[in-house]
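Q: I'd like to ask some things about the structure below.
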Amino acid sequence: MKTSVWMLVFCVIAFYSCQKVIEVELNPSSPKYVITGNITDQPGPYEIKITSSINFDQDNNFPAVSGAKVYITDQNASSTDTLTEVAPGRYRTHVLKGVPRHTYKLLVILGEEMFSSVSTMPTPQALDSLYTKSASFGDGTDVVAIYNDPVGLGNFYRLELTIQDSLSQEIYLHNDKINNGSSVNHVLNNDIDVKTGDTITVKLQCIDADVYDFYYTLDQALKQNSAVISNPKTNILGGAMGYFCAQTIRTRSFVFR
């Protein structure tokens, strides 16, 4: 079995609470930069993380990349924030504010290499309510998130589920190709045991089409049983991997009884 080193890198970055162990045999490849970061409509500062991919025969330590010049421009406000490296590979904004319907451009300069990405923050949608139900398959408890999709195609969603301090490993995505302009009852197939008294938290993220494609292709790759697993589709230009996302967030929590 072979796969890209990027799959292992992303699992460390995005699924830091993951308990699942996936054993794969990786062929050597040239390391690449991995750039990840989110701007939200919640108060900043926001961070961009830059690491380097590694080969499977190296230690399981993904090197942070220092010394980059990182800029984020609010193209609607014509203002640019120069990020500061606050820790190895972690670059933080100063004055940037995430505003729905604004478009943001990320620029990363590393030596003679340049990487860029553009993401537009959608209009936020309310997370109306949450409830639980018995799992559709096997034992366990699933969570159902209810929200309304506005009229007009082109709305994309990602949800995060946390039980107490455990973040679900599942990738929850939705688009409005089928139920445009209607109420959505989104079943989150829960992979975490739920006990009485546990706090259940769901975040509804409105994302743009390119970021949706990134998570969709990542999810498909993780579910493949093929001998070759492809990299998720990135919205970073210039040869780096990862994603840059401008998103809105709406959160609800309740205590399981």
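The chains in the structure tokens are called A, B, ... from first to last as shown; in each chain the residues are counted from 1, and the ligands are counted from 1 in the order shown.
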So which bits of range 126-181 of chain A end up strand (DSSP E or B) when you DSSP the backbone, as number ranges by chain?
A: A: 127-134, 141-148, 156-163, 166-167, 172-175
Q: Out of range 9-216 of chain A, which residues get helix (DSSP H, G or I) from DSSP, as JSON, numbers by chain?
A: {"A": [9, 10, 11, 12, 13, 14, 209, 210, 211, 212, 213, 214, 215, 216]}
Q: Tell me which of A:Ala246, A:Asp213, A:Ala77, A:Thr251 sits closest to Pro232 in chain A, counting only C-alpha atoms.
A: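 Closest to Pro232 in chain A of all the choices is A:Asp213.
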Q: When distances are computed from only C-alpha atoms, which of A:Tyr33, A:Tyr157, A:Phe115, A:Tyr215 shows the smallest separation from Ser66 in chain A?
A: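 So, comparing all the options, the nearest one is A:Tyr33.
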Q: When you look at Pro88 in chain A with a cut-off of 12 Å (counting only C-alpha atoms), what residues show up, excluding the ones that are within fewer than 6 positions of it in the same chain? I need them as a ChimeraX atom specification.
A: /A:48-52,62-68
Q: If we count only C-alpha atoms, what is near Asp81 in chain A at a cut-off of 8 Å, once residues fewer than 6 positions away on the same chain are taken out, given as a list in words?
A: Tyr71, Ile72, Thr73, Thr93, His94, Val95 and Leu96 of chain A
Q: Give me the residues within 6 Å of range 183-191 of chain A as a PyMOL selection string, counting only C-alpha atoms and dropping any in the same chain fewer than 3 places off.
A: chain A and resi 142-148
Q: Report as an mmCIF file with C-alpha atoms, in the first residue's frame all protein, DNA and RNA residues lying within 7 Å of Ser253 in chain A, evaluated on only C-alpha atoms, omitting residues in the same chain fewer than 2 positions from it.
A:
```
data_model
loop_
_atom_site.group_PDB
_atom_site.id
_atom_site.type_symbol
_atom_site.label_atom_id
_atom_site.label_comp_id
_atom_site.auth_asym_id
_atom_site.auth_seq_id
_atom_site.Cartn_x
_atom_site.Cartn_y
_atom_site.Cartn_z
ATOM 1 C CA THR A 199 -21.677 18.555 27.243
ATOM 2 C CA ILE A 200 -22.309 18.216 23.495
ATOM 3 C CA THR A 201 -21.130 21.111 21.324
ATOM 4 C CA VAL A 202 -21.669 21.613 17.599
ATOM 5 C CA THR A 251 -22.135 27.331 18.053
#
```
Q: So which residues touch Gly238 in chain A within 8 Å, counting only C-alpha atoms, skipping near sequence neighbours fewer than 5 positions away, as an MDAnalysis selection string?
A: chainID A and resid 113:116
